[in-house]
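Asks: Data: start04.txt, compact mmCIF, N, CA and C atoms.
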# COMPACT_ATOMS: atom_id res chain seq x y z
N GLN A 1 138.03 151.64 3.28
CA GLN A 1 137.15 152.62 3.88
C GLN A 1 135.92 151.95 4.46
N VAL A 2 135.43 152.50 5.52
CA VAL A 2 134.21 152.03 6.16
C VAL A 2 133.27 153.22 6.30
N GLN A 3 132.04 153.04 5.87
CA GLN A 3 131.03 154.09 6.02
C GLN A 3 130.03 153.67 7.09
N LEU A 4 129.65 154.62 7.92
CA LEU A 4 128.74 154.36 9.03
C LEU A 4 127.56 155.32 8.96
N VAL A 5 126.37 154.78 9.16
CA VAL A 5 125.16 155.60 9.16
C VAL A 5 124.33 155.25 10.39
N GLU A 6 124.11 156.24 11.25
CA GLU A 6 123.29 156.03 12.44
C GLU A 6 121.83 156.35 12.15
N SER A 7 120.96 155.72 12.92
CA SER A 7 119.53 156.03 12.87
C SER A 7 118.91 155.62 14.20
N GLY A 8 117.67 156.05 14.39
CA GLY A 8 116.94 155.64 15.58
C GLY A 8 116.82 156.69 16.66
N GLY A 9 117.44 157.84 16.47
CA GLY A 9 117.32 158.89 17.47
C GLY A 9 115.92 159.50 17.45
N GLY A 10 115.67 160.32 18.47
CA GLY A 10 114.37 160.98 18.54
C GLY A 10 114.12 161.58 19.90
N LEU A 11 112.87 161.94 20.13
CA LEU A 11 112.45 162.54 21.40
C LEU A 11 111.71 161.49 22.22
N VAL A 12 112.11 161.35 23.48
CA VAL A 12 111.49 160.36 24.35
C VAL A 12 111.38 160.95 25.76
N GLN A 13 110.40 160.50 26.50
CA GLN A 13 110.24 160.96 27.88
C GLN A 13 111.20 160.21 28.80
N ALA A 14 111.53 160.85 29.90
CA ALA A 14 112.39 160.20 30.89
C ALA A 14 111.79 158.86 31.31
N GLY A 15 112.65 157.86 31.41
CA GLY A 15 112.20 156.52 31.73
C GLY A 15 111.92 155.66 30.53
N GLY A 16 111.88 156.28 29.37
CA GLY A 16 111.58 155.55 28.14
C GLY A 16 112.81 154.89 27.54
N SER A 17 112.62 154.31 26.35
CA SER A 17 113.69 153.56 25.68
C SER A 17 113.80 153.98 24.23
N LEU A 18 115.00 153.81 23.70
CA LEU A 18 115.27 153.99 22.27
C LEU A 18 116.32 152.97 21.87
N ARG A 19 116.29 152.59 20.60
CA ARG A 19 117.34 151.74 20.07
C ARG A 19 117.98 152.43 18.87
N LEU A 20 119.26 152.71 19.00
CA LEU A 20 120.01 153.30 17.91
C LEU A 20 120.64 152.20 17.06
N SER A 21 120.72 152.46 15.77
CA SER A 21 121.36 151.54 14.84
C SER A 21 122.52 152.21 14.15
N CYS A 22 123.54 151.42 13.86
CA CYS A 22 124.71 151.91 13.13
C CYS A 22 124.98 150.91 12.01
N ALA A 23 124.60 151.28 10.80
CA ALA A 23 124.78 150.41 9.65
C ALA A 23 126.13 150.69 9.00
N ALA A 24 126.91 149.65 8.82
CA ALA A 24 128.24 149.79 8.23
C ALA A 24 128.24 149.26 6.81
N SER A 25 129.04 149.92 5.96
CA SER A 25 129.23 149.47 4.59
C SER A 25 130.69 149.70 4.20
N GLY A 26 131.08 149.13 3.09
CA GLY A 26 132.46 149.25 2.66
C GLY A 26 133.26 148.05 3.14
N ARG A 27 134.47 148.30 3.65
CA ARG A 27 135.35 147.22 4.08
C ARG A 27 135.03 146.77 5.50
N THR A 28 133.82 146.29 5.69
CA THR A 28 133.36 145.94 7.03
C THR A 28 134.11 144.74 7.60
N SER A 29 134.66 143.90 6.74
CA SER A 29 135.39 142.74 7.22
C SER A 29 136.66 143.14 7.95
N SER A 30 137.12 144.37 7.74
CA SER A 30 138.33 144.85 8.40
C SER A 30 138.05 145.50 9.75
N THR A 31 136.78 145.66 10.08
CA THR A 31 136.42 146.33 11.33
C THR A 31 136.73 145.44 12.53
N GLU A 32 137.52 145.96 13.45
CA GLU A 32 137.88 145.21 14.64
C GLU A 32 136.96 145.51 15.82
N ALA A 33 136.43 146.71 15.84
CA ALA A 33 135.57 147.09 16.96
C ALA A 33 134.73 148.30 16.58
N THR A 34 133.63 148.47 17.30
CA THR A 34 132.72 149.59 17.09
C THR A 34 132.38 150.21 18.42
N GLY A 35 132.26 151.52 18.42
CA GLY A 35 131.93 152.22 19.65
C GLY A 35 130.82 153.22 19.45
N TRP A 36 130.21 153.60 20.55
CA TRP A 36 129.22 154.68 20.57
C TRP A 36 129.75 155.79 21.48
N PHE A 37 129.65 156.98 20.98
CA PHE A 37 130.00 158.17 21.75
C PHE A 37 128.81 159.13 21.71
N ARG A 38 128.81 160.10 22.59
CA ARG A 38 127.76 161.12 22.55
C ARG A 38 128.35 162.49 22.88
N GLN A 39 127.68 163.50 22.39
CA GLN A 39 128.15 164.86 22.61
C GLN A 39 126.98 165.76 22.97
N PRO A 40 126.84 166.06 24.25
CA PRO A 40 125.80 167.02 24.66
C PRO A 40 126.13 168.40 24.11
N LEU A 41 125.12 169.21 23.95
CA LEU A 41 125.30 170.55 23.40
C LEU A 41 126.29 171.35 24.24
N GLY A 42 127.32 171.87 23.61
CA GLY A 42 128.30 172.68 24.30
C GLY A 42 129.35 171.92 25.09
N LYS A 43 129.33 170.60 24.98
CA LYS A 43 130.29 169.79 25.74
C LYS A 43 131.13 168.93 24.82
N GLU A 44 132.14 168.29 25.39
CA GLU A 44 132.99 167.43 24.59
C GLU A 44 132.33 166.07 24.34
N ARG A 45 132.79 165.43 23.29
CA ARG A 45 132.30 164.10 22.97
C ARG A 45 132.79 163.12 24.04
N GLU A 46 131.89 162.24 24.48
CA GLU A 46 132.24 161.30 25.54
C GLU A 46 131.88 159.87 25.16
N PHE A 47 132.64 158.96 25.73
CA PHE A 47 132.46 157.54 25.48
C PHE A 47 131.17 157.03 26.10
N VAL A 48 130.50 156.14 25.39
CA VAL A 48 129.28 155.51 25.90
C VAL A 48 129.47 153.99 26.01
N ALA A 49 129.82 153.34 24.91
CA ALA A 49 129.95 151.89 24.91
C ALA A 49 130.80 151.47 23.73
N ALA A 50 131.39 150.28 23.84
CA ALA A 50 132.19 149.75 22.74
C ALA A 50 132.16 148.24 22.78
N ARG A 51 132.35 147.66 21.60
CA ARG A 51 132.27 146.21 21.48
C ARG A 51 133.23 145.75 20.39
N SER A 52 134.00 144.71 20.67
CA SER A 52 134.83 144.14 19.63
C SER A 52 133.95 143.40 18.63
N SER A 53 134.41 143.26 17.42
CA SER A 53 133.62 142.59 16.38
C SER A 53 133.39 141.12 16.72
N SER A 54 134.30 140.53 17.46
CA SER A 54 134.14 139.14 17.87
C SER A 54 133.14 138.99 19.01
N GLY A 55 132.87 140.09 19.70
CA GLY A 55 131.97 140.04 20.83
C GLY A 55 132.64 139.67 22.14
N GLY A 56 133.93 139.44 22.09
CA GLY A 56 134.63 139.01 23.30
C GLY A 56 134.93 140.11 24.28
N ASN A 57 134.87 141.36 23.82
CA ASN A 57 135.17 142.50 24.69
C ASN A 57 134.09 143.54 24.54
N THR A 58 133.48 143.88 25.68
CA THR A 58 132.44 144.90 25.70
C THR A 58 132.69 145.84 26.86
N TYR A 59 132.54 147.13 26.61
CA TYR A 59 132.81 148.13 27.64
C TYR A 59 131.69 149.16 27.66
N TYR A 60 131.45 149.69 28.85
CA TYR A 60 130.43 150.73 29.03
C TYR A 60 130.96 151.83 29.93
N ALA A 61 130.49 153.04 29.67
CA ALA A 61 130.74 154.13 30.60
C ALA A 61 129.95 153.87 31.87
N ASP A 62 130.49 154.31 32.99
CA ASP A 62 129.81 154.08 34.27
C ASP A 62 128.40 154.69 34.27
N SER A 63 128.23 155.79 33.58
CA SER A 63 126.96 156.49 33.59
C SER A 63 125.83 155.74 32.89
N VAL A 64 126.18 154.74 32.07
CA VAL A 64 125.15 154.02 31.33
C VAL A 64 125.09 152.54 31.67
N LYS A 65 126.00 152.07 32.51
CA LYS A 65 126.01 150.65 32.87
C LYS A 65 124.68 150.24 33.49
N GLY A 66 124.18 149.10 33.02
CA GLY A 66 122.92 148.61 33.52
C GLY A 66 121.70 149.17 32.80
N ARG A 67 121.91 150.22 32.00
CA ARG A 67 120.80 150.83 31.27
C ARG A 67 120.95 150.68 29.75
N PHE A 68 122.17 150.72 29.26
CA PHE A 68 122.44 150.62 27.82
C PHE A 68 123.08 149.28 27.50
N THR A 69 122.80 148.78 26.30
CA THR A 69 123.40 147.53 25.84
C THR A 69 123.83 147.69 24.39
N ILE A 70 125.08 147.35 24.12
CA ILE A 70 125.60 147.37 22.75
C ILE A 70 125.57 145.95 22.20
N SER A 71 125.12 145.81 20.97
CA SER A 71 125.05 144.48 20.35
C SER A 71 125.32 144.62 18.86
N ARG A 72 125.45 143.46 18.21
CA ARG A 72 125.81 143.49 16.80
C ARG A 72 125.09 142.38 16.05
N ASP A 73 124.63 142.70 14.86
CA ASP A 73 124.04 141.72 13.95
C ASP A 73 125.01 141.59 12.78
N ASN A 74 125.80 140.53 12.77
CA ASN A 74 126.83 140.38 11.74
C ASN A 74 126.23 140.25 10.35
N ALA A 75 125.10 139.61 10.26
CA ALA A 75 124.47 139.41 8.95
C ALA A 75 124.06 140.73 8.32
N LYS A 76 123.73 141.69 9.15
CA LYS A 76 123.28 142.99 8.67
C LYS A 76 124.38 144.05 8.75
N ASN A 77 125.55 143.67 9.24
CA ASN A 77 126.64 144.64 9.44
C ASN A 77 126.15 145.86 10.22
N THR A 78 125.40 145.59 11.24
CA THR A 78 124.79 146.66 12.02
C THR A 78 125.08 146.47 13.50
N VAL A 79 125.43 147.57 14.15
CA VAL A 79 125.63 147.59 15.60
C VAL A 79 124.51 148.41 16.22
N TYR A 80 123.99 147.93 17.33
CA TYR A 80 122.87 148.58 17.99
C TYR A 80 123.27 149.12 19.37
N LEU A 81 122.57 150.12 19.80
CA LEU A 81 122.69 150.60 21.17
C LEU A 81 121.29 150.69 21.74
N GLN A 82 120.95 149.71 22.56
CA GLN A 82 119.65 149.71 23.24
C GLN A 82 119.76 150.57 24.49
N MET A 83 118.93 151.59 24.57
CA MET A 83 118.98 152.52 25.68
C MET A 83 117.67 152.47 26.45
N ASN A 84 117.75 152.04 27.69
CA ASN A 84 116.59 151.94 28.56
C ASN A 84 116.72 152.91 29.73
N SER A 85 115.61 153.15 30.40
CA SER A 85 115.59 154.04 31.57
C SER A 85 116.30 155.36 31.27
N LEU A 86 115.95 155.94 30.15
CA LEU A 86 116.62 157.16 29.72
C LEU A 86 116.36 158.32 30.68
N GLU A 87 117.38 159.15 30.81
CA GLU A 87 117.34 160.31 31.70
C GLU A 87 117.61 161.58 30.88
N PRO A 88 117.14 162.72 31.36
CA PRO A 88 117.42 163.97 30.62
C PRO A 88 118.92 164.17 30.37
N GLU A 89 119.75 163.67 31.27
CA GLU A 89 121.21 163.79 31.12
C GLU A 89 121.75 162.99 29.94
N ASP A 90 120.94 162.11 29.38
CA ASP A 90 121.35 161.33 28.22
C ASP A 90 121.14 162.09 26.91
N THR A 91 120.55 163.26 26.99
CA THR A 91 120.33 164.07 25.79
C THR A 91 121.65 164.47 25.16
N ALA A 92 121.78 164.14 23.88
CA ALA A 92 123.04 164.41 23.16
C ALA A 92 122.90 163.96 21.71
N VAL A 93 123.89 164.32 20.92
CA VAL A 93 124.03 163.72 19.59
C VAL A 93 124.88 162.46 19.79
N TYR A 94 124.36 161.35 19.32
CA TYR A 94 125.04 160.07 19.47
C TYR A 94 125.75 159.70 18.18
N TYR A 95 127.02 159.32 18.30
CA TYR A 95 127.84 158.97 17.16
C TYR A 95 128.30 157.52 17.24
N CYS A 96 128.29 156.87 16.11
CA CYS A 96 128.86 155.55 15.96
C CYS A 96 130.27 155.70 15.40
N ALA A 97 131.18 154.85 15.87
CA ALA A 97 132.55 154.91 15.39
C ALA A 97 133.09 153.51 15.22
N ALA A 98 134.04 153.35 14.31
CA ALA A 98 134.62 152.03 14.06
C ALA A 98 136.13 152.15 13.87
N THR A 99 136.80 151.04 14.13
CA THR A 99 138.24 151.01 13.96
C THR A 99 138.67 149.71 13.30
N THR A 100 139.75 149.80 12.54
CA THR A 100 140.36 148.60 11.96
C THR A 100 141.65 148.25 12.68
N SER A 101 141.95 148.96 13.75
CA SER A 101 143.17 148.73 14.51
C SER A 101 142.85 148.12 15.87
N TRP A 102 143.03 146.83 16.00
CA TRP A 102 142.75 146.17 17.27
C TRP A 102 143.69 146.65 18.37
N TYR A 103 144.97 146.79 18.03
CA TYR A 103 145.95 147.16 19.04
C TYR A 103 145.61 148.49 19.69
N ARG A 104 145.37 149.50 18.85
CA ARG A 104 145.06 150.81 19.40
C ARG A 104 143.76 150.76 20.22
N TRP A 105 142.78 150.06 19.70
CA TRP A 105 141.49 150.01 20.39
C TRP A 105 141.59 149.30 21.73
N SER A 106 142.41 148.28 21.84
CA SER A 106 142.50 147.46 23.03
C SER A 106 142.92 148.28 24.25
N TYR A 107 143.69 149.34 24.06
CA TYR A 107 144.12 150.13 25.22
C TYR A 107 143.52 151.52 25.26
N SER A 108 142.71 151.86 24.26
CA SER A 108 142.12 153.20 24.27
C SER A 108 140.70 153.21 23.71
N TYR A 109 139.94 152.18 24.02
CA TYR A 109 138.60 152.01 23.47
C TYR A 109 137.66 153.16 23.84
N ASP A 110 137.97 153.87 24.93
CA ASP A 110 137.09 154.96 25.36
C ASP A 110 137.56 156.33 24.88
N GLN A 111 138.53 156.33 23.99
CA GLN A 111 139.06 157.58 23.45
C GLN A 111 138.64 157.73 21.99
N THR A 112 138.31 158.95 21.60
CA THR A 112 137.91 159.18 20.21
C THR A 112 139.04 158.85 19.24
N THR A 113 140.27 158.99 19.71
CA THR A 113 141.42 158.73 18.85
C THR A 113 141.59 157.26 18.49
N ALA A 114 140.87 156.38 19.17
CA ALA A 114 140.97 154.95 18.86
C ALA A 114 140.19 154.56 17.62
N TYR A 115 139.40 155.49 17.10
CA TYR A 115 138.50 155.19 16.00
C TYR A 115 138.82 156.04 14.77
N GLY A 116 138.83 155.38 13.63
CA GLY A 116 139.17 156.10 12.41
C GLY A 116 137.98 156.43 11.53
N TYR A 117 136.83 155.87 11.87
CA TYR A 117 135.63 156.07 11.05
C TYR A 117 134.48 156.49 11.94
N TRP A 118 133.72 157.48 11.47
CA TRP A 118 132.63 158.05 12.24
C TRP A 118 131.39 158.23 11.39
N GLY A 119 130.24 158.08 12.03
CA GLY A 119 128.98 158.41 11.38
C GLY A 119 128.66 159.88 11.55
N GLN A 120 127.52 160.28 11.03
CA GLN A 120 127.14 161.69 11.04
C GLN A 120 126.43 162.09 12.33
N GLY A 121 126.02 161.12 13.12
CA GLY A 121 125.36 161.39 14.39
C GLY A 121 123.85 161.38 14.29
N THR A 122 123.22 161.08 15.41
CA THR A 122 121.77 161.11 15.50
C THR A 122 121.38 161.72 16.85
N GLN A 123 120.40 162.62 16.82
CA GLN A 123 120.02 163.35 18.03
C GLN A 123 119.10 162.52 18.91
N VAL A 124 119.42 162.47 20.18
CA VAL A 124 118.55 161.86 21.19
C VAL A 124 118.20 162.94 22.20
N THR A 125 116.92 163.15 22.40
CA THR A 125 116.45 164.15 23.36
C THR A 125 115.52 163.47 24.35
N VAL A 126 115.85 163.60 25.63
CA VAL A 126 115.05 162.99 26.69
C VAL A 126 114.41 164.12 27.50
N SER A 127 113.10 164.16 27.50
CA SER A 127 112.39 165.21 28.22
C SER A 127 112.04 164.75 29.63
N SER A 128 112.02 165.70 30.55
CA SER A 128 111.74 165.37 31.95
C SER A 128 110.26 165.45 32.26
Go ahead and express the file in the form of structure tokens.
Replies:
Amino acid sequence: QVQLVESGGGLVQAGGSLRLSCAASGRTSSTEATGWFRQPLGKEREFVAARSSSGGNTYYADSVKGRFTISRDNAKNTVYLQMNSLEPEDTAVYYCAATTSWYRWSYSYDQTTAYGYWGQGTQVTVSS
């Protein structure tokens, strides 16, 4: 089992920055990849970014490319999502997810079904 806890959400003005953290515990050595998803109010959960544990594969949604960066601190078992130039459209609950299945993740990293472990989410609100 892998447990994930997100933090770092909050209220920020458009153009500002936030850094989300996803702290993992449990069988973290089995984690092959970690992703970030978000769910705006009343909408479906959507892919934001993903990164393999080795760091060799990193993916971003087109809507956040150039503004968001996913990174990992192996010593702390923590994955970060640095969000810059935030826009009101970025307002959502942000979820961290992890998978122990490399094969499934390699061809479906942007799908919620590729991940077996989820955090509780953290709210990000961007005001205009």
Asks: Name the closest residue to Cys96 (chain A) among the candidates A:Leu81, A:Leu41, A:Ala61, A:Val124; distances are taken between atoms, counting only C-alpha atoms.
Replies: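 So, comparing all the options, the nearest one is A:Leu81.
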Asks: Neighbours of Phe47 (chain A) within 8 Å (all atoms listed in the file; same-chain residues fewer than 6 positions away dropped), as a list in words?
Replies: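 Everything that qualifies: Gly35, Trp36, Phe37, Arg38, Gln39, Tyr60, Ala61, Asp62, Tyr109, Asp110, Gln111 and Thr112 of chain A.
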Asks: Hey, can you spit out that residue selection with N, CA and C atoms as a compact mmCIF listing (two decimals), in the frame of the given file?
Replies:
# COMPACT_ATOMS: atom_id res chain seq x y z
N GLY A 35 132.26 151.52 18.42
CA GLY A 35 131.93 152.22 19.65
C GLY A 35 130.82 153.22 19.45
N TRP A 36 130.21 153.60 20.55
CA TRP A 36 129.22 154.68 20.57
C TRP A 36 129.75 155.79 21.48
N PHE A 37 129.65 156.98 20.98
CA PHE A 37 130.00 158.17 21.75
C PHE A 37 128.81 159.13 21.71
N ARG A 38 128.81 160.10 22.59
CA ARG A 38 127.76 161.12 22.55
C ARG A 38 128.35 162.49 22.88
N GLN A 39 127.68 163.50 22.39
CA GLN A 39 128.15 164.86 22.61
C GLN A 39 126.98 165.76 22.97
N TYR A 60 131.45 149.69 28.85
CA TYR A 60 130.43 150.73 29.03
C TYR A 60 130.96 151.83 29.93
N ALA A 61 130.49 153.04 29.67
CA ALA A 61 130.74 154.13 30.60
C ALA A 61 129.95 153.87 31.87
N ASP A 62 130.49 154.31 32.99
CA ASP A 62 129.81 154.08 34.27
C ASP A 62 128.40 154.69 34.27
N TYR A 109 139.94 152.18 24.02
CA TYR A 109 138.60 152.01 23.47
C TYR A 109 137.66 153.16 23.84
N ASP A 110 137.97 153.87 24.93
CA ASP A 110 137.09 154.96 25.36
C ASP A 110 137.56 156.33 24.88
N GLN A 111 138.53 156.33 23.99
CA GLN A 111 139.06 157.58 23.45
C GLN A 111 138.64 157.73 21.99
N THR A 112 138.31 158.95 21.60
CA THR A 112 137.91 159.18 20.21
C THR A 112 139.04 158.85 19.24
Asks: Once you count all atoms listed in the file, which residues end up no further than 6.5 Å from (130.5, 155.1, 4.0) in the file's frame, shown as an MDAnalysis selection string?
Replies: chainID A and resid 1:4 25:26
Asks: Considering only C-alpha atoms, can you say which of A:Leu86, A:Ala33, A:Val79, A:Ala114 comes closest to Gly15 (chain A)?
Replies: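 Result for the nearest residue to Gly15 (chain A): A:Leu86.
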Asks: For Ser127 (chain A), which residue among A:Gln82, A:Thr34, A:Ser52, A:Thr91 is the nearest when counting all atoms listed in the file?
Replies: A:Thr91
Asks: Just how far from CA of Arg27 (chain A) is CA of Met83 (chain A), in Å to one decimal?
Replies: 27.6 Å
Asks: Could you list, as a list in words, every residue within 10 Å of Glu89 (chain A), counting only C-alpha atoms and ignoring same-chain residues fewer than 4 positions away?
Replies: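 Near neighbours after the sequence-gap exclusion: Ala14, Pro40, Ser63, Thr125, Val126, Ser127 and Ser128 of chain A.
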Asks: Which value, in Å to one decimal, gives the distance between atom N of Gly8 (chain A) and atom C of Gln123 (chain A)?
Replies: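 These atoms are spaced 8.0 Å apart.
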Asks: Would you please give, as a ChimeraX atom specification, all residues of chain A that DSSP assigns to alpha helix (DSSP H) based on the backbone?
Replies: /A:102-108
Asks: Let me see the file: selected residues, N, CA and C atoms, as a PDB file, keeping the file's coordinate frame.
Replies:
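Written file, again_22.pdb:
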ATOM      1  N   TRP A 102     143.030 146.830  16.000  1.00  0.00           N
ATOM      2  CA  TRP A 102     142.750 146.170  17.270  1.00  0.00           C
ATOM      3  C   TRP A 102     143.690 146.650  18.370  1.00  0.00           C
ATOM      4  N   TYR A 103     144.970 146.790  18.030  1.00  0.00           N
ATOM      5  CA  TYR A 103     145.950 147.160  19.040  1.00  0.00           C
ATOM      6  C   TYR A 103     145.610 148.490  19.690  1.00  0.00           C
ATOM      7  N   ARG A 104     145.370 149.500  18.850  1.00  0.00           N
ATOM      8  CA  ARG A 104     145.060 150.810  19.400  1.00  0.00           C
ATOM      9  C   ARG A 104     143.760 150.760  20.220  1.00  0.00           C
ATOM     10  N   TRP A 105     142.780 150.060  19.700  1.00  0.00           N
ATOM     11  CA  TRP A 105     141.490 150.010  20.390  1.00  0.00           C
ATOM     12  C   TRP A 105     141.590 149.300  21.730  1.00  0.00           C
ATOM     13  N   SER A 106     142.410 148.280  21.840  1.00  0.00           N
ATOM     14  CA  SER A 106     142.500 147.460  23.030  1.00  0.00           C
ATOM     15  C   SER A 106     142.920 148.280  24.250  1.00  0.00           C
ATOM     16  N   TYR A 107     143.690 149.340  24.060  1.00  0.00           N
ATOM     17  CA  TYR A 107     144.120 150.130  25.220  1.00  0.00           C
ATOM     18  C   TYR A 107     143.520 151.520  25.260  1.00  0.00           C
ATOM     19  N   SER A 108     142.710 151.860  24.260  1.00  0.00           N
ATOM     20  CA  SER A 108     142.120 153.200  24.270  1.00  0.00           C
ATOM     21  C   SER A 108     140.700 153.210  23.710  1.00  0.00           C
TER      22      SER A 108
END
Asks: Closest to Ser101 (chain A) among A:Thr69, A:Ser21, A:Thr31, A:Gln13, using only C-alpha atoms?
Replies: A:Thr31
Asks: Counting only C-alpha atoms, which residue out of A:Gly55, A:Val12, A:Ala23, A:Asp90 sits closest to Gly119 (chain A)?
Replies: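 Nearest to Gly119 (chain A): A:Ala23.
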Asks: Can you measure atom N of Glu87 (chain A) to CA of Arg67 (chain A) for me? One decimal in Å is fine.
Replies: 9.0 Å
Asks: Which residue gives the smallest distance to Glu6 (chain A) among A:Tyr103, A:Tyr94, A:Tyr59, A:Phe68, with only N, CA and C atoms counted?
Replies: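 The closest residue to Glu6 (chain A) is A:Tyr94.
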Asks: Would you list, as an MDAnalysis selection string, the residues of region 12-105 of chain A that end up in strand (DSSP E or B) under DSSP run on this structure's backbone?
Replies: chainID A and resid 12:13 18:26 33:39 46:52 58:60 68:73 78:83 92:99
Asks: As JSON, please report the centre and edge lengths, rounded to one decimal in Å, of the axis-aligned box that holds all listed atoms of region 10-18 of chain A with 6 Å of padding on each of the six sides.
Replies:
{"center_x": 113.3, "center_y": 157.8, "center_z": 25.1, "size_x": 18.1, "size_y": 21.6, "size_z": 25.3}
